[in-house]
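*Asks:* One file is attached below, upload.pdb, containing PDB, C-alpha atoms, pLDDT in the B column.
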ATOM      1  CA  MET A 287     169.382-205.863 -66.960  1.00 45.00           C
ATOM      2  CA  LYS A 288     166.345-203.741 -66.048  1.00 45.00           C
ATOM      3  CA  LYS A 289     168.538-200.608 -65.902  1.00 46.00           C
ATOM      4  CA  LEU A 290     169.918-201.369 -69.368  1.00 38.00           C
ATOM      5  CA  ALA A 291     166.395-201.797 -70.797  1.00 39.00           C
ATOM      6  CA  THR A 292     165.297-198.508 -69.227  1.00 40.00           C
ATOM      7  CA  ALA A 293     168.371-196.724 -70.597  1.00 43.00           C
ATOM      8  CA  LEU A 294     167.772-198.144 -74.082  1.00 37.00           C
ATOM      9  CA  ALA A 295     164.101-197.113 -74.013  1.00 43.00           C
ATOM     10  CA  PHE A 296     165.082-193.614 -72.911  1.00 44.00           C
ATOM     11  CA  ALA A 297     167.706-193.359 -75.672  1.00 45.00           C
ATOM     12  CA  SER A 298     165.248-194.534 -78.327  1.00 43.00           C
ATOM     13  CA  VAL A 299     162.727-191.866 -77.304  1.00 46.00           C
ATOM     14  CA  ALA A 300     165.429-189.194 -77.501  1.00 47.00           C
ATOM     15  CA  ALA A 301     166.724-190.421 -80.855  1.00 46.00           C
ATOM     16  CA  GLY A 302     163.231-190.827 -82.270  1.00 46.00           C
ATOM     17  CA  SER A 303     162.303-187.237 -81.405  1.00 45.00           C
ATOM     18  CA  ALA A 304     165.419-185.923 -83.151  1.00 46.00           C
ATOM     19  CA  LEU A 305     164.846-187.905 -86.366  1.00 52.00           C
ATOM     20  CA  ALA A 306     161.047-187.853 -86.650  1.00 61.00           C
ATOM     21  CA  ALA A 307     158.715-185.595 -88.567  1.00 88.00           C
ATOM     22  CA  PRO A 308     156.959-182.741 -86.770  1.00 95.00           C
ATOM     23  CA  VAL A 309     156.018-183.551 -83.190  1.00 96.00           C
ATOM     24  CA  THR A 310     153.176-181.787 -81.380  1.00 97.00           C
ATOM     25  CA  TYR A 311     153.905-181.077 -77.735  1.00 98.00           C
ATOM     26  CA  LYS A 312     151.299-180.117 -75.139  1.00 98.00           C
ATOM     27  CA  VAL A 313     152.237-177.239 -72.844  1.00 98.00           C
ATOM     28  CA  ASP A 314     152.908-178.432 -69.288  1.00 97.00           C
ATOM     29  CA  GLY A 315     150.935-175.893 -67.258  1.00 96.00           C
ATOM     30  CA  SER A 316     152.730-176.856 -64.055  1.00 95.00           C
ATOM     31  CA  HIS A 317     156.067-175.742 -65.547  1.00 96.00           C
ATOM     32  CA  THR A 318     155.024-172.882 -67.865  1.00 97.00           C
ATOM     33  CA  PHE A 319     154.824-169.412 -66.359  1.00 93.00           C
ATOM     34  CA  PRO A 320     154.451-166.186 -68.314  1.00 97.00           C
ATOM     35  CA  ARG A 321     155.715-163.211 -66.309  1.00 98.00           C
ATOM     36  CA  PHE A 322     155.591-159.488 -66.909  1.00 98.00           C
ATOM     37  CA  SER A 323     157.565-156.601 -65.460  1.00 98.00           C
ATOM     38  CA  TYR A 324     157.273-152.830 -65.640  1.00 97.00           C
ATOM     39  CA  SER A 325     158.614-149.708 -63.965  1.00 97.00           C
ATOM     40  CA  HIS A 326     156.553-148.521 -61.006  1.00 96.00           C
ATOM     41  CA  PHE A 327     157.068-144.735 -60.820  1.00 95.00           C
ATOM     42  CA  GLY A 328     160.759-145.318 -61.482  1.00 95.00           C
ATOM     43  CA  LEU A 329     161.073-146.691 -57.953  1.00 96.00           C
ATOM     44  CA  SER A 330     161.278-150.375 -58.847  1.00 97.00           C
ATOM     45  CA  ASN A 331     160.543-152.916 -61.546  1.00 96.00           C
ATOM     46  CA  GLN A 332     157.481-154.859 -60.505  1.00 96.00           C
ATOM     47  CA  LEU A 333     157.311-158.548 -61.442  1.00 97.00           C
ATOM     48  CA  SER A 334     154.033-160.478 -61.754  1.00 97.00           C
ATOM     49  CA  SER A 335     153.034-163.791 -63.320  1.00 97.00           C
ATOM     50  CA  PHE A 336     150.154-165.912 -64.570  1.00 98.00           C
ATOM     51  CA  SER A 337     149.433-169.342 -63.084  1.00 97.00           C
ATOM     52  CA  ASN A 338     147.316-170.972 -65.821  1.00 98.00           C
ATOM     53  CA  THR A 339     148.713-171.430 -69.317  1.00 98.00           C
ATOM     54  CA  THR A 340     147.763-173.929 -72.019  1.00 98.00           C
ATOM     55  CA  GLY A 341     148.773-174.503 -75.613  1.00 98.00           C
ATOM     56  CA  ASN A 342     150.706-176.525 -78.140  1.00 98.00           C
ATOM     57  CA  VAL A 343     154.153-176.404 -79.692  1.00 98.00           C
ATOM     58  CA  VAL A 344     154.963-178.136 -82.979  1.00 97.00           C
ATOM     59  CA  PHE A 345     158.661-178.799 -83.590  1.00 97.00           C
ATOM     60  CA  ASP A 346     160.430-180.492 -86.477  1.00 96.00           C
ATOM     61  CA  ALA A 347     164.161-180.656 -85.749  1.00 94.00           C
ATOM     62  CA  ALA A 348     165.085-182.085 -89.161  1.00 95.00           C
ATOM     63  CA  ALA A 349     163.164-179.498 -91.199  1.00 96.00           C
ATOM     64  CA  LYS A 350     163.990-176.687 -88.743  1.00 96.00           C
ATOM     65  CA  THR A 351     160.370-175.602 -88.512  1.00 96.00           C
ATOM     66  CA  GLY A 352     157.918-175.089 -85.720  1.00 97.00           C
ATOM     67  CA  SER A 353     154.884-173.279 -84.430  1.00 98.00           C
ATOM     68  CA  VAL A 354     153.584-172.116 -81.077  1.00 98.00           C
ATOM     69  CA  GLU A 355     150.073-171.426 -79.774  1.00 98.00           C
ATOM     70  CA  ILE A 356     149.718-170.254 -76.181  1.00 98.00           C
ATOM     71  CA  VAL A 357     146.593-169.298 -74.209  1.00 98.00           C
ATOM     72  CA  ILE A 358     147.012-167.440 -70.913  1.00 98.00           C
ATOM     73  CA  ASP A 359     144.199-167.292 -68.357  1.00 98.00           C
ATOM     74  CA  MET A 360     144.345-163.607 -67.437  1.00 98.00           C
ATOM     75  CA  LYS A 361     142.332-164.204 -64.262  1.00 98.00           C
ATOM     76  CA  SER A 362     145.257-166.258 -62.959  1.00 98.00           C
ATOM     77  CA  VAL A 363     147.390-163.122 -62.575  1.00 98.00           C
ATOM     78  CA  ASN A 364     149.564-163.129 -59.459  1.00 97.00           C
ATOM     79  CA  THR A 365     151.043-159.814 -58.389  1.00 97.00           C
ATOM     80  CA  GLY A 366     151.916-161.083 -54.929  1.00 95.00           C
ATOM     81  CA  PHE A 367     149.087-159.060 -53.340  1.00 95.00           C
ATOM     82  CA  ALA A 368     145.453-160.275 -53.481  1.00 95.00           C
ATOM     83  CA  ASP A 369     143.907-156.774 -53.600  1.00 96.00           C
ATOM     84  CA  PHE A 370     146.177-155.777 -56.492  1.00 96.00           C
ATOM     85  CA  ASN A 371     145.339-159.006 -58.338  1.00 97.00           C
ATOM     86  CA  SER A 372     141.708-157.795 -58.373  1.00 96.00           C
ATOM     87  CA  HIS A 373     142.690-154.205 -59.244  1.00 95.00           C
ATOM     88  CA  ILE A 374     144.843-155.194 -62.224  1.00 96.00           C
ATOM     89  CA  GLN A 375     141.986-157.344 -63.587  1.00 97.00           C
ATOM     90  CA  GLY A 376     139.806-154.214 -63.865  1.00 96.00           C
ATOM     91  CA  GLU A 377     138.831-152.280 -67.032  1.00 95.00           C
ATOM     92  CA  ASP A 378     141.834-149.942 -66.920  1.00 94.00           C
ATOM     93  CA  PHE A 379     144.337-152.775 -67.134  1.00 96.00           C
ATOM     94  CA  LEU A 380     143.569-156.416 -68.082  1.00 97.00           C
ATOM     95  CA  ASP A 381     139.734-156.176 -68.132  1.00 97.00           C
ATOM     96  CA  THR A 382     139.388-159.891 -67.476  1.00 98.00           C
ATOM     97  CA  ALA A 383     135.563-159.684 -67.334  1.00 98.00           C
ATOM     98  CA  LYS A 384     135.515-158.946 -71.089  1.00 98.00           C
ATOM     99  CA  PHE A 385     138.845-160.512 -72.084  1.00 98.00           C
ATOM    100  CA  PRO A 386     139.547-163.554 -69.878  1.00 98.00           C
ATOM    101  CA  THR A 387     142.407-164.849 -72.036  1.00 98.00           C
ATOM    102  CA  ALA A 388     145.414-163.579 -73.949  1.00 98.00           C
ATOM    103  CA  THR A 389     146.850-165.543 -76.856  1.00 98.00           C
ATOM    104  CA  PHE A 390     150.083-165.823 -78.789  1.00 98.00           C
ATOM    105  CA  LYS A 391     150.117-167.533 -82.197  1.00 98.00           C
ATOM    106  CA  SER A 392     153.380-167.829 -84.047  1.00 98.00           C
ATOM    107  CA  THR A 393     153.699-166.850 -87.690  1.00 98.00           C
ATOM    108  CA  GLN A 394     157.335-167.920 -88.083  1.00 98.00           C
ATOM    109  CA  VAL A 395     160.065-169.616 -86.078  1.00 98.00           C
ATOM    110  CA  VAL A 396     163.550-168.353 -86.950  1.00 98.00           C
ATOM    111  CA  PHE A 397     166.355-170.853 -86.453  1.00 97.00           C
ATOM    112  CA  GLU A 398     170.053-170.351 -85.822  1.00 96.00           C
ATOM    113  CA  GLY A 399     171.720-173.675 -86.455  1.00 94.00           C
ATOM    114  CA  ASP A 400     169.549-176.408 -84.928  1.00 92.00           C
ATOM    115  CA  LYS A 401     167.717-174.210 -82.433  1.00 95.00           C
ATOM    116  CA  PRO A 402     165.070-171.493 -82.588  1.00 97.00           C
ATOM    117  CA  LYS A 403     166.464-168.023 -81.881  1.00 98.00           C
ATOM    118  CA  ALA A 404     163.244-166.035 -82.393  1.00 98.00           C
ATOM    119  CA  ILE A 405     159.526-166.679 -82.665  1.00 98.00           C
ATOM    120  CA  GLU A 406     157.516-164.120 -84.604  1.00 98.00           C
ATOM    121  CA  GLY A 407     153.801-164.046 -83.995  1.00 98.00           C
ATOM    122  CA  LEU A 408     150.627-162.256 -83.017  1.00 98.00           C
ATOM    123  CA  LEU A 409     149.832-161.341 -79.421  1.00 98.00           C
ATOM    124  CA  THR A 410     146.171-160.703 -78.619  1.00 98.00           C
ATOM    125  CA  LEU A 411     145.530-158.872 -75.365  1.00 98.00           C
ATOM    126  CA  LYS A 412     142.295-157.072 -74.437  1.00 97.00           C
ATOM    127  CA  GLY A 413     140.949-157.760 -77.922  1.00 97.00           C
ATOM    128  CA  VAL A 414     143.880-156.006 -79.604  1.00 98.00           C
ATOM    129  CA  THR A 415     146.225-158.041 -81.821  1.00 98.00           C
ATOM    130  CA  LYS A 416     149.781-156.841 -82.504  1.00 98.00           C
ATOM    131  CA  PRO A 417     152.846-158.501 -84.024  1.00 98.00           C
ATOM    132  CA  VAL A 418     155.619-159.325 -81.553  1.00 98.00           C
ATOM    133  CA  THR A 419     158.908-161.182 -81.695  1.00 98.00           C
ATOM    134  CA  LEU A 420     159.941-163.459 -78.848  1.00 98.00           C
ATOM    135  CA  THR A 421     163.710-163.667 -78.440  1.00 98.00           C
ATOM    136  CA  VAL A 422     164.628-167.219 -77.433  1.00 98.00           C
ATOM    137  CA  THR A 423     167.400-167.285 -74.816  1.00 98.00           C
ATOM    138  CA  HIS A 424     167.298-171.026 -74.068  1.00 98.00           C
ATOM    139  CA  PHE A 425     165.956-174.041 -75.955  1.00 98.00           C
ATOM    140  CA  VAL A 426     166.305-177.794 -75.516  1.00 97.00           C
ATOM    141  CA  ALA A 427     164.511-180.762 -77.086  1.00 96.00           C
ATOM    142  CA  THR A 428     165.169-184.088 -75.411  1.00 96.00           C
ATOM    143  CA  ALA A 429     163.477-187.024 -73.722  1.00 95.00           C
ATOM    144  CA  HIS A 430     161.736-186.081 -70.474  1.00 95.00           C
ATOM    145  CA  PRO A 431     163.644-187.862 -67.692  1.00 93.00           C
ATOM    146  CA  MET A 432     160.501-188.879 -65.785  1.00 93.00           C
ATOM    147  CA  ALA A 433     157.778-189.140 -68.452  1.00 92.00           C
ATOM    148  CA  LYS A 434     160.128-190.944 -70.886  1.00 94.00           C
ATOM    149  CA  LYS A 435     158.537-189.016 -73.766  1.00 96.00           C
ATOM    150  CA  PRO A 436     159.874-186.351 -76.138  1.00 96.00           C
ATOM    151  CA  ALA A 437     159.884-182.974 -74.396  1.00 97.00           C
ATOM    152  CA  LEU A 438     161.106-179.475 -74.987  1.00 97.00           C
ATOM    153  CA  GLY A 439     161.767-176.412 -72.921  1.00 97.00           C
ATOM    154  CA  ALA A 440     162.501-172.787 -73.686  1.00 98.00           C
ATOM    155  CA  ASN A 441     162.892-169.329 -72.226  1.00 98.00           C
ATOM    156  CA  ALA A 442     161.915-166.323 -74.326  1.00 98.00           C
ATOM    157  CA  PHE A 443     161.010-162.652 -73.933  1.00 98.00           C
ATOM    158  CA  THR A 444     159.554-159.639 -75.714  1.00 98.00           C
ATOM    159  CA  THR A 445     158.708-156.041 -74.824  1.00 98.00           C
ATOM    160  CA  VAL A 446     155.368-154.388 -75.606  1.00 98.00           C
ATOM    161  CA  LYS A 447     153.753-151.021 -74.897  1.00 98.00           C
ATOM    162  CA  ARG A 448     150.663-151.441 -72.794  1.00 97.00           C
ATOM    163  CA  THR A 449     149.105-148.282 -74.256  1.00 97.00           C
ATOM    164  CA  GLU A 450     148.963-150.127 -77.606  1.00 98.00           C
ATOM    165  CA  PHE A 451     146.736-152.747 -75.947  1.00 97.00           C
ATOM    166  CA  ASN A 452     144.327-150.248 -74.298  1.00 96.00           C
ATOM    167  CA  ALA A 453     145.868-150.889 -70.868  1.00 96.00           C
ATOM    168  CA  GLY A 454     147.759-147.620 -70.419  1.00 94.00           C
ATOM    169  CA  LYS A 455     146.276-146.122 -67.254  1.00 95.00           C
ATOM    170  CA  TYR A 456     148.840-144.024 -65.339  1.00 95.00           C
ATOM    171  CA  ALA A 457     151.371-144.127 -68.189  1.00 95.00           C
ATOM    172  CA  PRO A 458     154.050-142.853 -68.326  1.00 93.00           C
ATOM    173  CA  TYR A 459     154.354-142.715 -64.509  1.00 94.00           C
ATOM    174  CA  VAL A 460     153.709-146.415 -64.343  1.00 95.00           C
ATOM    175  CA  GLY A 461     155.886-147.645 -67.200  1.00 96.00           C
ATOM    176  CA  ASP A 462     154.346-148.033 -70.629  1.00 97.00           C
ATOM    177  CA  GLU A 463     156.959-150.616 -71.656  1.00 98.00           C
ATOM    178  CA  VAL A 464     156.205-154.068 -70.297  1.00 98.00           C
ATOM    179  CA  ARG A 465     158.642-156.928 -70.624  1.00 98.00           C
ATOM    180  CA  ILE A 466     156.988-160.317 -71.029  1.00 98.00           C
ATOM    181  CA  ASP A 467     159.077-163.379 -70.187  1.00 98.00           C
ATOM    182  CA  ILE A 468     157.878-166.933 -70.673  1.00 97.00           C
ATOM    183  CA  THR A 469     159.396-170.144 -69.419  1.00 96.00           C
ATOM    184  CA  ILE A 470     157.796-173.090 -71.146  1.00 97.00           C
ATOM    185  CA  GLU A 471     157.962-176.850 -70.927  1.00 98.00           C
ATOM    186  CA  ALA A 472     155.963-179.097 -73.238  1.00 98.00           C
ATOM    187  CA  ILE A 473     155.674-182.876 -73.567  1.00 98.00           C
ATOM    188  CA  ALA A 474     154.596-185.059 -76.498  1.00 97.00           C
ATOM    189  CA  PRO A 475     151.563-187.308 -75.845  1.00 91.00           C
TER
END
Here is the file; what I need is its structure written in the form of structure tokens.
*Replies:*
Amino acid sequence: MKKLATALAFASVAAGSALAAPVTYKVDGSHTFPRFSYSHFGLSNQLSSFSNTTGNVVFDAAAKTGSVEIVIDMKSVNTGFADFNSHIQGEDFLDTAKFPTATFKSTQVVFEGDKPKAIEGLLTLKGVTKPVTLTVTHFVATAHPMAKKPALGANAFTTVKRTEFNAGKYAPYVGDEVRIDITIEAIAP
């Protein structure tokens, strides 16, 4: 009987999230990791990430609308090498002393059927704000199996030129084009 009650509660959370008005989800920082990659002298594509990300996602499945606001702690950069973490935080690259965070604020979520396929918005990095479009490659809205609350997850990417954000030292030898990938999970309160 207890298993049936748990299953019914889980199903009602899932059904309620699909039929309800807009739901605001809080970004789960333990499962949300922005990454960036770039060509290093044409020898390899380097991959780094950020460990601390916060924000909110608003999603209305019935109206097919949504919004996204993400804040990335730029001091949480992880290149895989402690000395390079410090180097990349310097003035020539991220300049985290002056610009400790980067932000993304959506201006429009484009749907294909019932799911977002692109998120247009403004990326602010090193005090420079530019429009970008995140291409959504995966999206799911469902009940979280452990929290028993509405949750969503997505994978998305965009490509920017670091010279446009005043972070172009050594370009073009170190690639100007930087691919930004974000895996995000968010849970309703």
*Asks:* Take atom CA of His373 of chain A and atom CA of Lys391 of chain A and report the distance between them in Å, one decimal.
*Replies:*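 These atoms are spaced 27.6 Å apart.
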*Asks:* Report as an NGL selection string the full result of the PyMOL selection byres ((chain A and resi 336) around 9) when it is applied to this structure.
*Replies:* :A and (319-322 or 334-335 or 337-339 or 358-365)
*Asks:* Exactly which residues make up the result of the PyMOL selection byres ((chain A and resi 419) around 10) on this file, given as JSON, numbers by chain?
*Replies:* {"A": [392, 393, 394, 395, 404, 405, 406, 407, 408, 409, 417, 418, 420, 421, 422, 442, 443, 444, 445, 446]}
*Asks:* State, in Å with one decimal place, the distance from atom CA of Leu438 of chain A to atom CA of Ala349 of chain A.
*Replies:*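 These two atoms are separated by 16.3 Å.
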*Asks:* Compile the contact shell of Val357 of chain A as a list in words: residues with an atom at most 6 Å away, counting all atoms listed in the file, same-chain residues fewer than 2 positions apart removed.
*Replies:*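 Using all atoms listed in the file, the neighbours found are Thr339, Thr340, Gly341, Ala388 and Thr389 of chain A.
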*Asks:* Which residues, written as an MDAnalysis selection string, have at least one atom at most 7 Å from Asp314 of chain A, with all atoms listed in the file counted and residues fewer than 5 positions away on the same chain left out?
*Replies:* chainID A and resid 471:473
*Asks:* Hey, can you check how far atom CA of Leu411 of chain A sits from atom CA of Pro475 of chain A?
*Replies:*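 So the two atoms, atom CA of Leu411 of chain A and atom CA of Pro475 of chain A, lie 29.1 Å apart.
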*Asks:* Check the smallest atom-to-atom distance from each of A:Asp462, A:Asp369, A:Asp467, A:Glu377 to Phe327 of chain A using all atoms listed in the file, then report the winner.
*Replies:* A:Asp462
*Asks:* Just the residues within 12 Å of segment 309-312 of chain A, please, counting all atoms listed in the file, with nothing from its chain fewer than 6 positions along; format it as a ChimeraX atom specification.
*Replies:* /A:302-303,318,339-357,427-430,435-439,470-475
*Asks:* To test your reading of the syntax: which residues would the PyMOL selection byres ((chain A and resi 324) around 8) return for the file shown? Reply as a PyMOL selection string.
*Replies:* chain A and resi 322-323+325-326+331-333+460-465
*Asks:* Using all atoms listed in the file, can you tell me which of A:Ala453, A:Leu380, A:Met432, A:Ile468 comes closest to Gly315 of chain A?
*Replies:*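 Ranking A:Ala453, A:Leu380, A:Met432, A:Ile468 by distance to Gly315 of chain A, first place goes to A:Ile468.
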*Asks:* What's the 9 Å shell around Lys412 of chain A, counting all atoms listed in the file, without same-chain residues fewer than 6 positions away, as a PyMOL selection string?
*Replies:* chain A and resi 379-382+384-388+451-453
*Asks:* What would the file look like if the residues just selected were written as an mmCIF file, in the coordinates of the input with C-alpha atoms?
*Replies:*
data_model
loop_
_atom_site.group_PDB
_atom_site.id
_atom_site.type_symbol
_atom_site.label_atom_id
_atom_site.label_comp_id
_atom_site.auth_asym_id
_atom_site.auth_seq_id
_atom_site.Cartn_x
_atom_site.Cartn_y
_atom_site.Cartn_z
ATOM 1 C CA PHE A 379 144.337 -152.775 -67.134
ATOM 2 C CA LEU A 380 143.569 -156.416 -68.082
ATOM 3 C CA ASP A 381 139.734 -156.176 -68.132
ATOM 4 C CA THR A 382 139.388 -159.891 -67.476
ATOM 5 C CA LYS A 384 135.515 -158.946 -71.089
ATOM 6 C CA PHE A 385 138.845 -160.512 -72.084
ATOM 7 C CA PRO A 386 139.547 -163.554 -69.878
ATOM 8 C CA THR A 387 142.407 -164.849 -72.036
ATOM 9 C CA ALA A 388 145.414 -163.579 -73.949
ATOM 10 C CA PHE A 451 146.736 -152.747 -75.947
ATOM 11 C CA ASN A 452 144.327 -150.248 -74.298
ATOM 12 C CA ALA A 453 145.868 -150.889 -70.868
#
*Asks:* Which one is closest to Ile374 of chain A: A:Tyr459, A:Phe390, A:Asp400, A:Gly454? Count all atoms listed in the file.
*Replies:*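 For Ile374 of chain A, the nearest of the given residues is A:Gly454.
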*Asks:* Please, could N, CA, C and O atoms be added to segment 365-381 of chain A and the result written as a short mmCIF file (atom, residue, chain, number, x, y, z; two decimals), keeping the file's coordinate frame?
*Replies:*
data_model
loop_
_atom_site.label_atom_id
_atom_site.label_comp_id
_atom_site.auth_asym_id
_atom_site.auth_seq_id
_atom_site.Cartn_x
_atom_site.Cartn_y
_atom_site.Cartn_z
N THR A 365 150.16 -160.95 -58.63
CA THR A 365 151.04 -159.81 -58.39
C THR A 365 151.78 -159.93 -57.06
O THR A 365 152.65 -159.13 -56.76
N GLY A 366 151.36 -160.94 -56.26
CA GLY A 366 151.92 -161.08 -54.93
C GLY A 366 151.06 -160.42 -53.86
O GLY A 366 151.36 -160.51 -52.67
N PHE A 367 149.96 -159.78 -54.28
CA PHE A 367 149.09 -159.06 -53.34
C PHE A 367 147.65 -159.24 -53.82
O PHE A 367 147.29 -158.77 -54.91
N ALA A 368 146.81 -159.91 -53.05
CA ALA A 368 145.45 -160.28 -53.48
C ALA A 368 144.63 -159.08 -53.95
O ALA A 368 143.94 -159.15 -54.97
N ASP A 369 144.68 -157.96 -53.20
CA ASP A 369 143.91 -156.77 -53.60
C ASP A 369 144.36 -156.24 -54.95
O ASP A 369 143.56 -155.80 -55.76
N PHE A 370 145.67 -156.28 -55.22
CA PHE A 370 146.18 -155.78 -56.49
C PHE A 370 145.85 -156.75 -57.63
O PHE A 370 145.64 -156.33 -58.76
N ASN A 371 145.78 -158.05 -57.32
CA ASN A 371 145.34 -159.01 -58.34
C ASN A 371 143.97 -158.60 -58.87
O ASN A 371 143.74 -158.59 -60.08
N SER A 372 143.05 -158.24 -57.97
CA SER A 372 141.71 -157.79 -58.37
C SER A 372 141.77 -156.47 -59.12
O SER A 372 141.12 -156.29 -60.15
N HIS A 373 142.57 -155.53 -58.62
CA HIS A 373 142.69 -154.21 -59.24
C HIS A 373 143.20 -154.31 -60.68
O HIS A 373 142.66 -153.69 -61.59
N ILE A 374 144.22 -155.10 -60.90
CA ILE A 374 144.84 -155.19 -62.22
C ILE A 374 143.94 -155.93 -63.22
O ILE A 374 144.11 -155.80 -64.43
N GLN A 375 142.94 -156.68 -62.70
CA GLN A 375 141.99 -157.34 -63.59
C GLN A 375 140.86 -156.41 -64.04
O GLN A 375 140.05 -156.78 -64.89
N GLY A 376 140.85 -155.17 -63.53
CA GLY A 376 139.81 -154.21 -63.86
C GLY A 376 139.93 -153.66 -65.28
O GLY A 376 140.89 -153.90 -66.00
N GLU A 377 138.92 -152.86 -65.68
CA GLU A 377 138.83 -152.28 -67.03
C GLU A 377 140.07 -151.51 -67.47
O GLU A 377 140.43 -151.54 -68.63
N ASP A 378 140.69 -150.79 -66.55
CA ASP A 378 141.83 -149.94 -66.92
C ASP A 378 143.09 -150.73 -67.28
O ASP A 378 144.00 -150.18 -67.90
N PHE A 379 143.14 -151.99 -66.88
CA PHE A 379 144.34 -152.78 -67.13
C PHE A 379 143.98 -154.02 -67.95
O PHE A 379 143.86 -153.94 -69.16
N LEU A 380 143.79 -155.18 -67.33
CA LEU A 380 143.57 -156.42 -68.08
C LEU A 380 142.12 -156.64 -68.52
O LEU A 380 141.88 -157.36 -69.47
N ASP A 381 141.17 -156.05 -67.82
CA ASP A 381 139.73 -156.18 -68.13
C ASP A 381 139.35 -157.64 -68.36
O ASP A 381 138.81 -158.02 -69.40
#
